[in-house]
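A.B. asks: Next up is a structure, given as C-alpha coordinates.
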Amino acid sequence: MSLSAGVLPDGGLLKRSLVIAGHRTSVSLEAAFWEALRQLALARGLSVQALVGRIDADRGEQNLSSAIRVFVLKAVWPSERPERATAERPPLD
(Lines give C-alpha, C1' and ligand atoms only; values in the text may rest on other atoms or scores of the structure.)
Protein backbone atom coordinates (compact mmCIF):
# COMPACT_ATOMS: atom_id res chain seq x y z
CA MET A 1 0.00 0.00 0.00
CA SER A 2 1.30 3.45 -0.68
CA LEU A 3 -0.11 6.80 0.23
CA SER A 4 0.91 9.89 -1.66
CA ALA A 5 0.91 13.32 -0.07
CA GLY A 6 -1.62 14.54 -2.63
CA VAL A 7 -4.34 12.19 -1.36
CA LEU A 8 -3.82 12.54 2.38
CA PRO A 9 -6.50 14.39 4.35
CA ASP A 10 -5.62 17.44 6.43
CA GLY A 11 -3.71 16.79 9.63
CA GLY A 12 -6.18 17.83 12.35
CA LEU A 13 -6.82 15.41 15.20
CA LEU A 14 -9.99 13.36 15.03
CA LYS A 15 -11.31 11.53 18.08
CA ARG A 16 -13.22 8.31 17.47
CA SER A 17 -14.84 5.91 19.90
CA LEU A 18 -14.17 2.19 19.52
CA VAL A 19 -14.97 -0.94 21.46
CA ILE A 20 -11.78 -2.91 22.08
CA ALA A 21 -11.83 -6.19 24.02
CA GLY A 22 -15.31 -5.34 25.25
CA HIS A 23 -14.38 -1.88 26.53
CA ARG A 24 -15.30 1.44 24.97
CA THR A 25 -12.34 3.74 24.40
CA SER A 26 -11.60 6.91 22.49
CA VAL A 27 -8.63 7.28 20.19
CA SER A 28 -7.32 10.58 18.82
CA LEU A 29 -5.34 10.43 15.57
CA GLU A 30 -4.62 12.79 12.73
CA ALA A 31 -6.97 12.40 9.78
CA ALA A 32 -4.18 10.96 7.62
CA PHE A 33 -3.58 8.15 10.13
CA TRP A 34 -7.30 7.32 10.28
CA GLU A 35 -7.39 7.11 6.48
CA ALA A 36 -4.25 4.95 6.32
CA LEU A 37 -5.63 2.71 9.07
CA ARG A 38 -8.91 2.38 7.15
CA GLN A 39 -7.04 1.38 4.01
CA LEU A 40 -4.86 -1.12 5.89
CA ALA A 41 -7.92 -2.68 7.52
CA LEU A 42 -9.68 -2.92 4.16
CA ALA A 43 -6.63 -4.58 2.58
CA ARG A 44 -6.65 -7.17 5.39
CA GLY A 45 -10.40 -7.79 5.19
CA LEU A 46 -10.95 -6.33 8.66
CA SER A 47 -12.92 -3.50 10.15
CA VAL A 48 -10.92 -0.61 11.60
CA GLN A 49 -12.16 -1.68 15.03
CA ALA A 50 -10.89 -5.25 14.53
CA LEU A 51 -7.49 -4.02 13.30
CA VAL A 52 -7.18 -1.64 16.26
CA GLY A 53 -8.07 -4.58 18.51
CA ARG A 54 -5.12 -6.51 17.11
CA ILE A 55 -2.80 -3.52 17.52
CA ASP A 56 -4.06 -3.11 21.09
CA ALA A 57 -3.36 -6.75 21.91
CA ASP A 58 0.26 -6.40 20.71
CA ARG A 59 1.14 -2.96 22.08
CA GLY A 60 2.41 -3.82 25.54
CA GLU A 61 2.79 -0.66 27.63
CA GLN A 62 2.73 1.69 24.64
CA ASN A 63 -0.03 4.30 24.38
CA LEU A 64 -2.73 3.06 21.97
CA SER A 65 -2.63 6.13 19.71
CA SER A 66 1.15 5.85 19.47
CA ALA A 67 0.95 2.12 18.78
CA ILE A 68 -1.49 2.78 15.93
CA ARG A 69 0.77 5.45 14.42
CA VAL A 70 3.80 3.13 14.58
CA PHE A 71 1.78 0.27 13.05
CA VAL A 72 0.68 2.51 10.16
CA LEU A 73 4.20 3.84 9.58
CA LYS A 74 5.68 0.34 9.52
CA ALA A 75 3.01 -0.77 7.06
CA VAL A 76 3.41 2.12 4.62
CA TRP A 77 7.08 3.08 4.99
CA PRO A 78 9.12 0.82 2.69
CA SER A 79 12.24 0.89 4.85
CA GLU A 80 10.22 -0.52 7.77
CA ARG A 81 8.81 -3.48 5.86
CA PRO A 82 10.38 -6.81 6.90
CA GLU A 83 11.67 -7.62 3.39
CA ARG A 84 13.65 -4.35 3.37
CA ALA A 85 14.62 -4.17 7.03
CA THR A 86 18.19 -5.19 6.30
CA ALA A 87 18.69 -2.56 3.60
CA GLU A 88 21.05 0.27 4.47
CA ARG A 89 19.21 3.27 5.84
CA PRO A 90 20.33 6.86 5.24
CA PRO A 91 21.29 9.00 8.26
CA LEU A 92 18.53 11.11 9.84
CA ASP A 93 20.46 14.44 9.89
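The chains in the C-alpha coordinates are called A, B, ... from first to last as shown; in each chain the residues are counted from 1, and the ligands are counted from 1 in the order shown.
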Name the residues of segment 15-56 of chain A that fall into alpha helix (DSSP H) according to DSSP on the backbone, using the chain letters and numbers of this document, as a PyMOL selection string.
C.D. replies: chain A and resi 31-43+48-56
A.B. asks: For Leu14 of chain A, which residue among A:Ser65, A:Val72, A:Trp77, A:Leu51 is the nearest when counting only C-alpha atoms?
C.D. replies: A:Ser65
A.B. asks: With a distance cut-off of 12 Å and only C-alpha atoms, select the neighbouring residues of Ala41 of chain A, excluding the residue or stretch itself and same-chain residues fewer than 4 positions from it, and output the selection as a list in words.
C.D. replies: Met1, Phe33, Trp34, Glu35, Ala36, Leu37, Gly45, Leu46, Ser47, Val48, Gln49, Ala50, Leu51, Val52, Gly53, Arg54, Ile55, Ile68, Phe71, Val72 and Ala75 of chain A
A.B. asks: Given only C-alpha atoms as the basis, pick out the residue of A:Glu61, A:Lys74, A:Asp56, A:Ala43 nearest to Val27 of chain A.
C.D. replies: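 So, comparing all the options, the nearest one is A:Asp56.
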A.B. asks: Run DSSP on the backbone and tell me which residues of segment 16-81 of chain A come out as strand (DSSP E); list them as a list in words.
C.D. replies: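 Residues of segment 16-81 of chain A classed as strand (DSSP E): Arg16, Ser17, Leu18, Val19, Ile20, His23, Arg24, Thr25, Ser26, Val27, Ser28, Leu29 and Glu30 of chain A.
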A.B. asks: What does the structure give for the distance between atom CA of Asn63 of chain A and atom CA of Ser28 of chain A, in Å to one decimal?
C.D. replies: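 So the answer is 11.1 Å.
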